[in-house]
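A.B. asks: Following this line is final_1.cif, made up of mmCIF, C-alpha atoms:
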```cif
data_model
loop_
_atom_site.label_atom_id
_atom_site.label_comp_id
_atom_site.auth_asym_id
_atom_site.auth_seq_id
_atom_site.Cartn_x
_atom_site.Cartn_y
_atom_site.Cartn_z
CA MET A 19 17.05 -9.77 24.02
CA THR A 20 17.16 -6.56 22.03
CA ASN A 21 17.81 -6.30 18.37
CA ALA A 22 21.37 -5.30 17.46
CA ASN A 23 22.27 -3.62 14.18
CA ARG A 24 24.18 -6.02 11.87
CA VAL A 25 25.71 -3.03 10.04
CA GLN A 26 28.90 -1.78 11.67
CA ASN A 27 29.58 1.98 11.53
CA GLY A 28 26.13 2.43 10.00
CA GLY A 29 26.16 6.15 10.78
CA PHE A 30 29.71 6.59 9.41
CA GLU A 31 30.70 8.16 12.73
CA GLN A 32 33.89 6.06 12.93
CA SER A 33 34.99 7.17 9.46
CA SER A 34 37.42 10.03 8.86
CA PRO A 35 36.05 11.94 5.83
CA PRO A 36 36.56 11.43 2.95
CA ALA A 37 37.58 7.84 3.83
CA LEU A 38 34.99 5.06 4.17
CA PRO A 39 36.70 2.68 6.66
CA PRO A 40 36.33 1.15 9.12
CA PHE A 41 34.06 -1.69 7.89
CA TRP A 42 32.92 0.10 4.71
CA SER A 43 34.69 0.00 1.35
CA GLY A 44 33.81 0.94 -2.23
CA ASN A 45 34.29 3.96 -4.48
CA GLY A 46 32.00 6.31 -2.56
CA PHE A 47 33.28 8.50 0.24
CA THR A 48 32.22 10.12 3.51
CA GLN A 49 31.65 13.77 4.30
CA SER A 50 30.58 16.10 7.09
CA GLY A 51 30.05 19.84 7.47
CA GLY A 52 26.26 19.85 7.55
CA THR A 53 25.50 17.28 4.85
CA GLN A 54 24.78 14.60 7.47
CA LEU A 55 21.39 13.88 9.00
CA LEU A 56 22.51 12.56 12.39
CA GLY A 57 25.82 12.89 14.19
CA ASN A 58 28.84 14.23 12.30
CA ASN A 59 29.23 12.16 9.11
CA ASN A 60 27.36 10.67 6.16
CA ALA A 61 28.25 8.84 2.94
CA LEU A 62 28.03 10.25 -0.59
CA LEU A 63 27.67 8.35 -3.87
CA LEU A 64 28.27 10.41 -6.98
CA THR A 65 26.33 9.46 -10.09
CA PRO A 66 26.51 7.05 -11.76
CA GLY A 67 27.90 3.71 -10.66
CA GLU A 68 29.49 4.44 -7.29
CA ASN A 69 28.82 2.13 -4.36
CA ILE A 70 29.64 1.42 -0.75
CA ASN A 71 29.72 -2.06 0.74
CA GLN A 72 30.53 -4.04 3.86
CA ILE A 73 30.40 -7.59 5.24
CA LEU A 74 27.51 -7.70 7.68
CA LEU A 75 27.70 -9.24 11.12
CA PRO A 76 26.38 -12.84 10.96
CA LEU A 77 22.74 -13.41 10.04
CA GLU A 78 20.66 -16.46 10.88
CA VAL A 79 19.64 -18.24 7.69
CA GLY A 80 15.86 -18.34 7.29
CA GLN A 81 15.19 -15.39 9.58
CA ILE A 82 13.50 -12.17 8.41
CA TYR A 83 15.57 -8.97 8.57
CA GLN A 84 14.86 -5.34 7.73
CA PHE A 85 17.23 -3.10 5.81
CA GLN A 86 16.81 0.60 6.52
CA ALA A 87 18.74 3.75 5.62
CA ALA A 88 18.20 7.49 5.36
CA PHE A 89 18.56 8.67 1.74
CA SER A 90 18.36 11.94 -0.16
CA THR A 91 19.35 12.94 -3.69
CA SER A 92 20.96 16.17 -4.89
CA PRO A 93 19.97 17.52 -7.27
CA ILE A 94 16.62 15.73 -7.28
CA ALA A 95 16.94 12.47 -9.24
CA THR A 96 14.79 12.16 -12.34
CA THR A 97 15.67 8.63 -13.46
CA GLY A 98 17.40 5.44 -12.33
CA THR A 99 17.49 3.58 -9.05
CA ILE A 100 19.27 3.26 -5.72
CA ASP A 101 20.15 -0.44 -5.62
CA ILE A 102 20.48 -2.45 -2.40
CA GLY A 103 22.17 -5.83 -2.75
CA ILE A 104 22.51 -8.34 0.09
CA THR A 105 24.26 -11.60 -0.77
CA GLY A 106 21.77 -14.36 -1.43
CA THR A 107 18.72 -12.08 -1.78
CA ILE A 108 17.15 -10.36 -4.78
CA THR A 109 18.56 -6.86 -5.24
CA ARG A 110 16.01 -4.20 -4.26
CA HIS A 111 15.65 -1.07 -6.40
CA PHE A 112 14.36 2.22 -4.96
CA GLN A 113 13.16 4.54 -7.73
CA GLY A 114 15.41 7.60 -7.62
CA ALA A 115 12.67 9.96 -8.81
CA ASN A 116 10.50 8.90 -5.85
CA ILE A 117 13.20 9.37 -3.18
CA GLU A 118 13.23 12.63 -1.23
CA GLY A 119 15.62 15.19 -2.75
CA SER A 120 17.15 18.59 -2.13
CA ASN A 121 19.31 17.26 0.73
CA GLU A 122 16.23 16.36 2.83
CA TYR A 123 16.65 12.86 4.23
CA VAL A 124 13.87 10.31 4.58
CA TYR A 125 14.22 6.76 5.94
CA TYR A 126 13.49 3.92 3.47
CA SER A 127 13.34 0.21 4.28
CA PHE A 128 12.40 -3.29 3.14
CA ASP A 129 12.34 -6.82 4.59
CA PHE A 130 14.27 -9.83 3.34
CA THR A 131 14.90 -13.42 4.39
CA ALA A 132 18.54 -14.30 5.03
CA THR A 133 19.84 -17.11 2.81
CA VAL A 134 23.53 -16.92 3.74
CA ALA A 135 25.10 -16.48 7.18
CA SER A 136 27.83 -14.00 6.17
CA PRO A 137 26.39 -11.70 3.51
CA THR A 138 27.78 -8.53 1.99
CA LEU A 139 25.64 -5.40 1.81
CA ILE A 140 26.09 -3.16 -1.26
CA ILE A 141 24.42 0.21 -1.79
CA GLY A 142 24.79 1.43 -5.37
CA ASN A 143 23.85 4.72 -7.01
CA ASN A 144 22.38 4.12 -10.44
CA THR A 145 20.44 7.40 -10.57
CA ASP A 146 21.26 10.61 -12.44
CA ALA A 147 21.97 12.49 -9.17
CA ASN A 148 24.22 12.38 -6.13
CA VAL A 149 22.91 10.16 -3.32
CA VAL A 150 23.62 10.94 0.33
CA ILE A 151 23.23 8.18 2.91
CA ASP A 152 23.10 8.02 6.70
CA VAL A 153 21.92 5.77 9.56
CA VAL A 154 22.17 2.40 7.78
CA SER A 155 20.87 -0.69 9.60
CA VAL A 156 20.03 -4.35 9.13
CA LYS A 157 18.02 -5.84 12.01
CA LEU A 158 15.82 -8.82 12.78
CA ALA A 159 12.19 -8.13 11.86
CA ASN A 160 8.83 -9.64 12.73
CA PRO A 161 6.81 -11.28 9.94
CA ASN A 162 4.54 -9.03 7.90
CA LEU A 163 0.88 -9.92 8.39
CA VAL A 164 -0.07 -8.05 5.20
CA GLN A 165 0.11 -10.33 2.17
CA ASN A 166 1.34 -8.81 -1.10
CA GLY A 167 2.05 -5.63 0.83
CA ASP A 168 4.29 -4.31 -1.94
CA PHE A 169 1.80 -5.21 -4.69
CA GLU A 170 4.49 -7.22 -6.51
CA GLN A 171 2.13 -10.17 -7.03
CA SER A 172 -0.53 -7.96 -8.66
CA PHE A 173 -1.03 -7.57 -12.42
CA GLN A 174 -1.82 -3.95 -13.23
CA PRO A 175 -4.38 -2.51 -12.91
CA ALA A 176 -5.80 -5.37 -10.79
CA LEU A 177 -5.35 -5.38 -7.01
CA SER A 178 -5.52 -9.14 -6.39
CA PRO A 179 -4.19 -11.37 -4.96
CA PHE A 180 -5.21 -10.63 -1.35
CA TRP A 181 -6.17 -7.00 -2.01
CA SER A 182 -9.59 -5.81 -3.20
CA GLY A 183 -11.38 -2.45 -3.46
CA THR A 184 -11.87 0.39 -5.91
CA GLY A 185 -8.20 1.38 -6.19
CA SER A 186 -5.76 -0.01 -8.74
CA THR A 187 -2.12 -1.04 -9.15
CA GLU A 188 0.39 0.47 -11.53
CA THR A 189 4.07 0.49 -12.48
CA GLY A 190 6.23 2.50 -14.89
CA GLY A 191 8.16 4.48 -12.30
CA SER A 192 5.34 5.47 -9.96
CA GLN A 193 6.43 2.79 -7.47
CA LEU A 194 8.94 3.30 -4.65
CA LEU A 195 10.30 -0.24 -4.40
CA GLY A 196 10.18 -3.15 -6.81
CA ASP A 197 7.91 -2.97 -9.84
CA ASN A 198 4.41 -2.08 -8.58
CA ASN A 199 2.48 0.26 -6.29
CA ALA A 200 -1.18 1.03 -5.59
CA ARG A 201 -3.03 4.23 -6.48
CA LEU A 202 -6.15 5.57 -4.83
CA ASN A 203 -8.09 8.25 -6.67
CA VAL A 204 -10.25 10.51 -4.52
CA GLY A 205 -12.76 8.40 -2.58
CA GLU A 206 -11.21 5.05 -3.49
CA THR A 207 -10.18 2.28 -1.08
CA ILE A 208 -8.12 -0.90 -0.90
CA SER A 209 -8.56 -3.63 1.69
CA GLN A 210 -7.48 -7.12 2.67
CA ALA A 211 -8.02 -9.70 5.41
CA LEU A 212 -4.84 -9.71 7.50
CA LEU A 213 -3.12 -12.87 8.62
CA PRO A 214 -4.21 -13.75 12.20
CA LEU A 215 -3.38 -11.32 15.01
CA GLU A 216 -3.13 -12.17 18.70
CA VAL A 217 -5.78 -10.29 20.64
CA GLY A 218 -4.25 -7.94 23.20
CA GLN A 219 -0.88 -7.68 21.47
CA ILE A 220 0.56 -4.43 20.11
CA TYR A 221 1.09 -4.16 16.35
CA GLN A 222 2.45 -1.46 14.07
CA PHE A 223 0.88 -0.43 10.78
CA GLN A 224 3.29 1.13 8.28
CA ALA A 225 3.11 2.16 4.64
CA ALA A 226 4.89 4.43 2.20
CA PHE A 227 2.62 7.24 0.97
CA GLU A 228 2.92 10.16 -1.42
CA ALA A 229 0.13 12.71 -1.95
CA VAL A 230 -0.32 16.30 -3.12
CA ALA A 231 -3.45 16.88 -1.07
CA THR A 232 -4.51 20.24 0.34
CA THR A 233 -7.31 18.94 2.55
CA GLY A 234 -8.78 15.71 3.92
CA THR A 235 -7.25 12.56 5.34
CA ILE A 236 -5.82 9.16 4.47
CA ASP A 237 -7.85 6.84 6.70
CA ILE A 238 -6.50 3.53 8.01
CA GLY A 239 -9.12 1.17 9.42
CA ILE A 240 -8.32 -2.13 11.13
CA THR A 241 -11.30 -4.11 12.41
CA GLY A 242 -11.84 -3.53 16.10
CA THR A 243 -9.57 -0.47 16.39
CA THR A 244 -10.27 3.23 16.06
CA THR A 245 -9.67 4.45 12.50
CA ARG A 246 -6.42 6.43 12.23
CA LYS A 247 -6.39 9.50 10.01
CA PHE A 248 -3.23 10.93 8.45
CA GLN A 249 -3.66 14.57 7.43
CA GLY A 250 -3.30 14.66 3.64
CA LEU A 251 -1.82 18.16 3.69
CA ASN A 252 1.06 16.93 5.89
CA ILE A 253 2.00 13.88 3.78
CA ASN A 254 5.09 14.18 1.58
CA THR A 255 4.13 15.68 -1.80
CA SER A 256 7.29 15.19 -3.86
CA ALA A 257 8.43 11.70 -2.90
CA TYR A 258 7.42 8.70 -0.81
CA SER A 259 7.81 8.68 2.97
CA TYR A 260 6.94 5.93 5.44
CA TYR A 261 4.17 6.63 8.00
CA ASN A 262 3.16 4.41 10.89
CA PHE A 263 1.19 4.01 14.11
CA ASP A 264 0.70 1.36 16.81
CA PHE A 265 -2.56 -0.33 17.76
CA THR A 266 -3.69 -3.11 20.08
CA ALA A 267 -5.42 -6.03 18.36
CA THR A 268 -8.97 -6.59 19.56
CA VAL A 269 -10.00 -9.24 17.01
CA ALA A 270 -8.04 -12.22 15.72
CA SER A 271 -9.04 -11.94 12.06
CA PRO A 272 -9.22 -8.24 11.17
CA THR A 273 -9.55 -6.50 7.83
CA LEU A 274 -7.23 -3.64 6.88
CA ILE A 275 -8.78 -0.77 4.86
CA ILE A 276 -6.88 2.19 3.39
CA ALA A 277 -9.15 4.98 2.14
CA ASN A 278 -8.32 8.18 0.28
CA ASN A 279 -10.49 10.91 1.75
CA THR A 280 -8.20 13.72 0.54
CA ASP A 281 -8.68 15.97 -2.49
CA ALA A 282 -5.87 14.35 -4.54
CA ASP A 283 -4.55 10.98 -5.68
CA VAL A 284 -2.59 8.94 -3.14
CA VAL A 285 0.09 6.42 -4.14
CA ILE A 286 0.97 3.61 -1.74
CA ASP A 287 3.76 1.03 -1.46
CA VAL A 288 5.41 -1.33 1.08
CA VAL A 289 2.44 -1.85 3.42
CA SER A 290 3.02 -3.84 6.62
CA VAL A 291 1.43 -4.84 9.92
CA LYS A 292 3.88 -6.37 12.41
CA LEU A 293 4.16 -7.16 16.10
CA ALA A 294 5.63 -4.17 17.97
CA ASN A 295 7.22 -3.53 21.34
CA PRO A 296 5.36 -1.31 23.85
CA ASN A 297 6.00 2.42 23.64
CA LEU A 298 7.76 3.76 26.74
CA VAL A 299 6.72 7.33 25.87
CA ARG A 300 3.32 8.18 27.32
CA ASN A 301 1.01 10.46 25.36
CA GLY A 302 3.49 10.23 22.48
CA GLY A 303 0.88 11.47 20.02
CA PHE A 304 -0.17 14.35 22.33
CA GLU A 305 -3.77 13.14 22.05
CA GLN A 306 -4.31 13.43 25.83
CA SER A 307 -3.11 17.05 25.88
CA VAL A 308 -5.50 20.01 25.93
CA GLN A 309 -4.10 22.71 23.62
CA PRO A 310 -1.94 24.66 24.18
CA GLY A 311 -0.99 22.68 27.30
CA LEU A 312 1.60 19.87 27.20
CA PRO A 313 0.38 17.68 30.13
CA PRO A 314 -0.20 14.91 30.90
CA PHE A 315 3.33 13.45 31.08
CA TRP A 316 4.97 16.18 28.96
CA SER A 317 6.34 19.47 30.27
CA GLY A 318 8.57 22.24 28.92
CA THR A 319 8.33 25.53 27.06
CA GLY A 320 6.74 24.16 23.90
CA SER A 321 3.01 23.86 23.29
CA THR A 322 0.44 21.60 21.65
CA VAL A 323 -1.66 22.57 18.65
CA THR A 324 -4.29 21.10 16.36
CA GLY A 325 -6.38 22.37 13.44
CA GLY A 326 -4.64 20.45 10.67
CA THR A 327 -1.02 20.93 11.72
CA GLN A 328 -0.92 17.40 13.17
CA LEU A 329 0.13 14.34 11.19
CA LEU A 330 -1.96 11.71 12.99
CA GLY A 331 -4.98 12.07 15.24
CA PHE A 332 -5.94 15.53 16.47
CA THR A 333 -2.90 17.03 18.20
CA ASN A 334 0.85 17.61 17.80
CA ALA A 335 3.57 19.58 19.59
CA ARG A 336 5.26 22.77 18.39
CA LEU A 337 8.65 24.11 19.45
CA SER A 338 9.63 27.68 18.67
CA VAL A 339 13.36 28.41 18.49
CA GLY A 340 15.01 27.44 21.78
CA GLN A 341 11.96 25.70 23.22
CA THR A 342 11.89 22.18 24.65
CA ILE A 343 9.52 19.41 25.65
CA SER A 344 10.41 16.61 28.04
CA GLN A 345 9.01 13.69 29.97
CA ALA A 346 10.13 10.93 32.33
CA LEU A 347 10.09 7.71 30.31
CA LEU A 348 8.65 4.47 31.60
CA PRO A 349 11.47 2.29 33.04
CA LEU A 350 14.23 1.07 30.71
CA GLU A 351 16.44 -1.97 31.26
CA VAL A 352 20.04 -0.85 31.61
CA GLY A 353 22.25 -2.32 28.88
CA GLN A 354 19.43 -2.98 26.44
CA ILE A 355 19.16 -1.35 23.00
CA TYR A 356 16.21 0.99 22.41
CA GLN A 357 15.04 3.04 19.44
CA PHE A 358 13.84 6.63 19.60
CA GLN A 359 11.49 7.67 16.79
CA ALA A 360 9.31 10.69 16.06
CA ALA A 361 7.65 12.41 13.12
CA PHE A 362 9.19 15.85 12.55
CA GLU A 363 8.76 18.81 10.29
CA ALA A 364 11.74 21.16 10.58
CA GLY A 365 14.00 23.19 8.29
CA GLY A 366 16.67 25.85 8.55
CA SER A 367 20.20 25.61 9.89
CA GLY A 368 20.93 24.30 13.36
CA THR A 369 19.80 21.08 14.98
CA VAL A 370 16.87 19.27 16.56
CA ASP A 371 18.43 17.82 19.71
CA ILE A 372 17.26 14.60 21.38
CA GLY A 373 18.55 14.03 24.90
CA ILE A 374 17.95 10.86 26.91
CA THR A 375 19.49 10.75 30.39
CA GLY A 376 22.80 8.94 30.44
CA ILE A 377 23.51 8.93 26.70
CA THR A 378 25.14 11.42 24.35
CA THR A 379 22.63 13.88 22.91
CA ARG A 380 21.72 13.09 19.30
CA GLN A 381 21.42 16.00 16.89
CA PHE A 382 19.40 15.91 13.68
CA GLN A 383 20.48 18.57 11.19
CA GLY A 384 17.39 20.77 10.79
CA GLY A 385 18.27 21.78 7.23
CA ASN A 386 18.38 18.10 6.17
CA MET A 387 14.94 17.20 7.56
CA VAL A 388 11.72 17.63 5.57
CA ASP A 389 9.89 20.95 5.87
CA THR A 390 7.02 22.94 4.28
CA GLN A 391 4.19 21.05 5.97
CA GLU A 392 5.60 17.59 5.25
CA TYR A 393 6.30 15.21 8.13
CA ALA A 394 8.82 12.39 8.00
CA TYR A 395 9.85 9.91 10.70
CA TYR A 396 13.41 10.06 12.11
CA SER A 397 14.99 7.56 14.49
CA PHE A 398 18.17 6.32 16.15
CA ASP A 399 19.23 3.52 18.49
CA PHE A 400 20.77 3.94 21.93
CA ILE A 401 21.82 1.75 24.85
CA ALA A 402 20.05 2.51 28.12
CA THR A 403 22.48 3.50 30.88
CA VAL A 404 19.92 4.51 33.54
CA ALA A 405 16.66 2.81 34.47
CA SER A 406 14.57 5.98 34.83
CA PRO A 407 15.67 8.43 32.12
CA THR A 408 14.13 11.68 30.95
CA LEU A 409 13.57 12.36 27.24
CA THR A 410 14.09 15.96 26.08
CA ILE A 411 13.48 17.34 22.57
CA THR A 412 14.90 20.80 21.83
CA ASN A 413 14.58 23.11 18.83
CA ASN A 414 18.04 24.56 18.22
CA THR A 415 17.33 25.36 14.57
CA VAL A 416 16.68 28.81 13.13
CA ALA A 417 13.31 27.66 11.78
CA ALA A 418 10.22 29.49 13.01
CA SER A 419 9.14 26.24 14.62
CA VAL A 420 9.67 22.50 14.70
CA ILE A 421 6.52 20.42 14.82
CA ILE A 422 6.47 16.92 16.30
CA ASP A 423 4.07 13.98 16.40
CA VAL A 424 4.00 10.21 17.12
CA VAL A 425 6.96 10.06 19.54
CA SER A 426 8.15 6.64 20.70
CA VAL A 427 10.92 4.88 22.59
CA LYS A 428 10.83 1.09 22.21
CA LEU A 429 13.08 -1.92 22.57
CA ALA A 430 14.91 -2.14 19.25
#
```
Kindly transcribe the structure held in the file into C-alpha cells.

C.D. replies:
Amino acid sequence: MTNANRVQNGGFEQSSPPALPPFWSGNGFTQSGGTQLLGNNNALLLTPGENINQILLPLEVGQIYQFQAAFSTSPIATTGTIDIGITGTITRHFQGANIEGSNEYVYYSFDFTATVASPTLIIGNNTDANVVIDVVSVKLANPNLVQNGDFEQSFQPALSPFWSGTGSTETGGSQLLGDNNARLNVGETISQALLPLEVGQIYQFQAAFEAVATTGTIDIGITGTTTRKFQGLNINTSAYSYYNFDFTATVASPTLIIANNTDADVVIDVVSVKLANPNLVRNGGFEQSVQPGLPPFWSGTGSTVTGGTQLLGFTNARLSVGQTISQALLPLEVGQIYQFQAAFEAGGSGTVDIGITGITTRQFQGGNMVDTQEYAYYSFDFIATVASPTLTITNNTVAASVIIDVVSVKLA
C-alpha cells in the first residue's frame, strides 16, 4: 500500500486566498500570484508569532512519520526559528537564518514517532522575517539506520556517540534543526558504522548540507558501493538544502563516510539512510548518456552536459527556454500514490512544468526555485491513472536554462 499524506490541503490548493480553510486555521493566511512554489497557492506567516495549524488524519501510535514542507523567508531571516509542533512530540525548531530566503523555496523535513492518534500540526513563525510555506506533508517513514544523525547526542566539539573522524560538532545557530550540527574543514571526514542493511535492497542516503565551495566535491562513501560525489560548487551556499541518492546494499554491516574534498568548510545536519522504493525513471541521473545526447531512455530537445554543472556523478540535463526531455516510465500501478522528485536549478519568471500521462501537469514557479549554480530537490505526489505513462519536463521559464539531475518517480 502506498503512503498517503496525513496533511489535508497541504498545498493550500483548496483554500481561497487570503483564507486558510478548509482544514487549516490560525492567524496566517494564503496567497497566490506567483508567491507559490507549486500549483496556485501558498501560505504566509508574517513575523513574529503567526501560525497555521490543522488536525492531522489519524496516525498510528509508535510508528515513525516524516514531516516535510517547502519554506522560504522574505526578507532573509537573521534570527529566530520556524517552529513545528505535533501533539505529543517535541517541537522542532528550524533556524531561520539557515533557511533559504529571497522567496526561493527549499524542502525541509524531520522524522518523529507518533505518540497520539489524533495530533494537531502547528507551524509557527518565530523569526524576524516573513515565512512562506507550500507542499506540507506528514507521511509514514522507514527507520533511520544512521544513529545520532542529527548530532543531538554529541557534546561539542566531540563527534561521539556513534560518529568518529576528524570533523567536529557545533551549535550556536550554525545548525539547521535542533541544537547541533557537524562541521568539516577542508580535508576532514566523519564516519559511523550503520545499523544492519539487507543485502540487495535499495536504500536512500540523505543529508542537509551548506557550503561556499568553488571547486571539489563532498564525497559520500558507503562500504561496498561506489562513492558518490556532490559537486561543492553546486551545493547551496547561503542556507541548508537536503541532498540525496539511492544505492543498493552489497554488505550487511557497512560504514558511512562523509568527506569534505572541496575548498571550503561544509556544515552538515539531519543525516539519514533508509529503505527506499525502486526508481521507475531509468537513467534518472543521466549517467548513461553520452553528452550532448539524451539517450538511453530519454528523448526531447534538451541536452546533457558535464564539466562541473552536474550535482551528482558526472552528467546532468540542460533545458533552454521551451525545451523538453521525456521518457516512458517503468509500469505504474493505477490508483497508487507516487512521488516525483528531481534536483533543479532554475530562476526567472515562468514555470518548470512536469507532465505525467493521465494527471494534471504540475508547475513549479521558476522564480521561486533556487538559482545561481545551486541545486535543490523539488517533489510532489500524484495518483497513477495509466499503467504506462510518459514523464515530460519542460522549461517554460525565461531563464537562460534549467538544469536537472537525480530524477525519480517512486511509490510514495

A.B. asks: So what does the PyMOL selection byres ((chain A and resi 205) around 6) actually pick up in this one, as a ChimeraX atom specification?

C.D. replies: /A:204,206,278-279

A.B. asks: Show me, as a PyMOL selection string, the residues that have an atom within 12 Å of Ser33 of chain A when counting all atoms listed in the file, minus same-chain residues fewer than 5 positions from it.

C.D. replies: chain A and resi 26-28+38-43+47-50+57-61

A.B. asks: Please produce a file of those selected residues containing C-alpha atoms, as a PDB file, in the coordinates of the input.

C.D. replies:
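Wrote it out as again.pdb, contents follow:
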```pdb
ATOM      1  CA  GLN A  26      28.900  -1.780  11.670  1.00  0.00           C
ATOM      2  CA  ASN A  27      29.580   1.980  11.530  1.00  0.00           C
ATOM      3  CA  GLY A  28      26.130   2.430  10.000  1.00  0.00           C
ATOM      4  CA  LEU A  38      34.990   5.060   4.170  1.00  0.00           C
ATOM      5  CA  PRO A  39      36.700   2.680   6.660  1.00  0.00           C
ATOM      6  CA  PRO A  40      36.330   1.150   9.120  1.00  0.00           C
ATOM      7  CA  PHE A  41      34.060  -1.690   7.890  1.00  0.00           C
ATOM      8  CA  TRP A  42      32.920   0.100   4.710  1.00  0.00           C
ATOM      9  CA  SER A  43      34.690   0.000   1.350  1.00  0.00           C
ATOM     10  CA  PHE A  47      33.280   8.500   0.240  1.00  0.00           C
ATOM     11  CA  THR A  48      32.220  10.120   3.510  1.00  0.00           C
ATOM     12  CA  GLN A  49      31.650  13.770   4.300  1.00  0.00           C
ATOM     13  CA  SER A  50      30.580  16.100   7.090  1.00  0.00           C
ATOM     14  CA  GLY A  57      25.820  12.890  14.190  1.00  0.00           C
ATOM     15  CA  ASN A  58      28.840  14.230  12.300  1.00  0.00           C
ATOM     16  CA  ASN A  59      29.230  12.160   9.110  1.00  0.00           C
ATOM     17  CA  ASN A  60      27.360  10.670   6.160  1.00  0.00           C
ATOM     18  CA  ALA A  61      28.250   8.840   2.940  1.00  0.00           C
TER      19      ALA A  61
END
```

A.B. asks: Show which residues sit within 7 Å of segment 137-150 of chain A, as a PyMOL selection string. Count all atoms listed in the file, and ignore same-chain residues fewer than 4 positions away.

C.D. replies: chain A and resi 60-74+89-105+114

A.B. asks: Which of these residues is nearest to Ala282 of chain A, using all atoms listed in the file: A:Ser406, A:Gln341, A:Ser127, A:Asn203?

C.D. replies: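 Comparing A:Ser406, A:Gln341, A:Ser127, A:Asn203 against Ala282 of chain A, the winner is A:Asn203.
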
A.B. asks: Kindly give the distance, in Å, that separates atom CA of Gln345 of chain A and atom CA of Glu392 of chain A, rounded to a single decimal.

C.D. replies: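 Result for atom CA of Gln345 of chain A versus atom CA of Glu392 of chain A: 25.3 Å, one decimal.
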
A.B. asks: Expanded to explicit residues, what is the PyMOL selection byres ((chain A and resi 423) around 10) for this file, as a ChimeraX atom specification?

C.D. replies: /A:302-305,322,327-331,333-336,359-363,393-395,421-422,424-426

A.B. asks: Since we have the selection now, will you write its residues out, keeping C-alpha atoms, as a CSV table (one decimal), in the frame of the given file?

C.D. replies:
```csv
chain,number,residue,atom,x,y,z
A,302,GLY,CA,3.5,10.2,22.5
A,303,GLY,CA,0.9,11.5,20.0
A,304,PHE,CA,-0.2,14.4,22.3
A,305,GLU,CA,-3.8,13.1,22.0
A,322,THR,CA,0.4,21.6,21.6
A,327,THR,CA,-1.0,20.9,11.7
A,328,GLN,CA,-0.9,17.4,13.2
A,329,LEU,CA,0.1,14.3,11.2
A,330,LEU,CA,-2.0,11.7,13.0
A,331,GLY,CA,-5.0,12.1,15.2
A,333,THR,CA,-2.9,17.0,18.2
A,334,ASN,CA,0.8,17.6,17.8
A,335,ALA,CA,3.6,19.6,19.6
A,336,ARG,CA,5.3,22.8,18.4
A,359,GLN,CA,11.5,7.7,16.8
A,360,ALA,CA,9.3,10.7,16.1
A,361,ALA,CA,7.6,12.4,13.1
A,362,PHE,CA,9.2,15.8,12.6
A,363,GLU,CA,8.8,18.8,10.3
A,393,TYR,CA,6.3,15.2,8.1
A,394,ALA,CA,8.8,12.4,8.0
A,395,TYR,CA,9.8,9.9,10.7
A,421,ILE,CA,6.5,20.4,14.8
A,422,ILE,CA,6.5,16.9,16.3
A,424,VAL,CA,4.0,10.2,17.1
A,425,VAL,CA,7.0,10.1,19.5
A,426,SER,CA,8.2,6.6,20.7
```

A.B. asks: What separation in Å, quoted to one decimal, exists between atom CA of Asn301 of chain A and atom CA of Leu350 of chain A?

C.D. replies: 17.1 Å

A.B. asks: For Gln354 of chain A, which of A:Gly44, A:Leu429, A:Tyr123, A:Phe180 is the closest residue, counting all atoms listed in the file?

C.D. replies: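 The answer is A:Leu429, which sits nearest to Gln354 of chain A.
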
A.B. asks: When you look at Lys428 of chain A with a cut-off of 9 Å (counting only C-alpha atoms), what residues show up, excluding the ones that are within fewer than 3 positions of it in the same chain? I need them as an MDAnalysis selection string.

C.D. replies: chainID A and resid 294:299 355:359

A.B. asks: Report, in Å with one decimal, the straight-line distance from atom CA of Leu348 of chain A to atom CA of Arg380 of chain A.

C.D. replies: 19.9 Å

A.B. asks: I'd like the residues picked by the PyMOL selection byres ((chain A and resi 267) around 9) written out as a ChimeraX atom specification, using the chain letters and numbers from the file.

C.D. replies: /A:215-221,240-243,265-266,268-270,272

A.B. asks: Keeping C-alpha atoms, export the residues of the selection given above as a CSV table (one decimal), in the coordinates of the input.

C.D. replies:
```
chain,number,residue,atom,x,y,z
A,215,LEU,CA,-3.4,-11.3,15.0
A,216,GLU,CA,-3.1,-12.2,18.7
A,217,VAL,CA,-5.8,-10.3,20.6
A,218,GLY,CA,-4.2,-7.9,23.2
A,219,GLN,CA,-0.9,-7.7,21.5
A,220,ILE,CA,0.6,-4.4,20.1
A,221,TYR,CA,1.1,-4.2,16.4
A,240,ILE,CA,-8.3,-2.1,11.1
A,241,THR,CA,-11.3,-4.1,12.4
A,242,GLY,CA,-11.8,-3.5,16.1
A,243,THR,CA,-9.6,-0.5,16.4
A,265,PHE,CA,-2.6,-0.3,17.8
A,266,THR,CA,-3.7,-3.1,20.1
A,268,THR,CA,-9.0,-6.6,19.6
A,269,VAL,CA,-10.0,-9.2,17.0
A,270,ALA,CA,-8.0,-12.2,15.7
A,272,PRO,CA,-9.2,-8.2,11.2
```

A.B. asks: Which protein, DNA or RNA residues are at most 8 Å from (-2.9, 13.2, -4.4) in the file's coordinates when you count only C-alpha atoms, listed as a compact mmCIF listing (two decimals) with C-alpha atoms, keeping the file's coordinate frame?

C.D. replies:
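Listed below is the output, part.txt:
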```txt
# COMPACT_ATOMS: atom_id res chain seq x y z
CA ASN A 203 -8.09 8.25 -6.67
CA VAL A 204 -10.25 10.51 -4.52
CA GLU A 228 2.92 10.16 -1.42
CA ALA A 229 0.13 12.71 -1.95
CA VAL A 230 -0.32 16.30 -3.12
CA ALA A 231 -3.45 16.88 -1.07
CA THR A 255 4.13 15.68 -1.80
CA THR A 280 -8.20 13.72 0.54
CA ASP A 281 -8.68 15.97 -2.49
CA ALA A 282 -5.87 14.35 -4.54
CA ASP A 283 -4.55 10.98 -5.68
CA VAL A 284 -2.59 8.94 -3.14
CA VAL A 285 0.09 6.42 -4.14
```

A.B. asks: With only C-alpha atoms as the counted atoms, please give the residues lying no more than 10 Å from Ser155 of chain A, apart from itself and same-chain residues fewer than 3 positions off, as a list in words.

C.D. replies: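 Residues near the query, excluding close chain neighbours: Ala22, Asn23, Arg24, Val25, Gln26, Asn27, Gly28, Gly29, Leu74, Tyr83, Gln84, Phe85, Gln86, Ala87, Ala88, Ser127, Asp152, Phe398 and Asp399 of chain A.
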
A.B. asks: Choose the residue, out of A:Gln306, A:Gln54, A:Gln210, A:Thr410, that has the smallest atom-to-atom separation from Ser290 of chain A; count only C-alpha atoms.

C.D. replies: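 Result for the nearest residue to Ser290 of chain A: A:Gln210.
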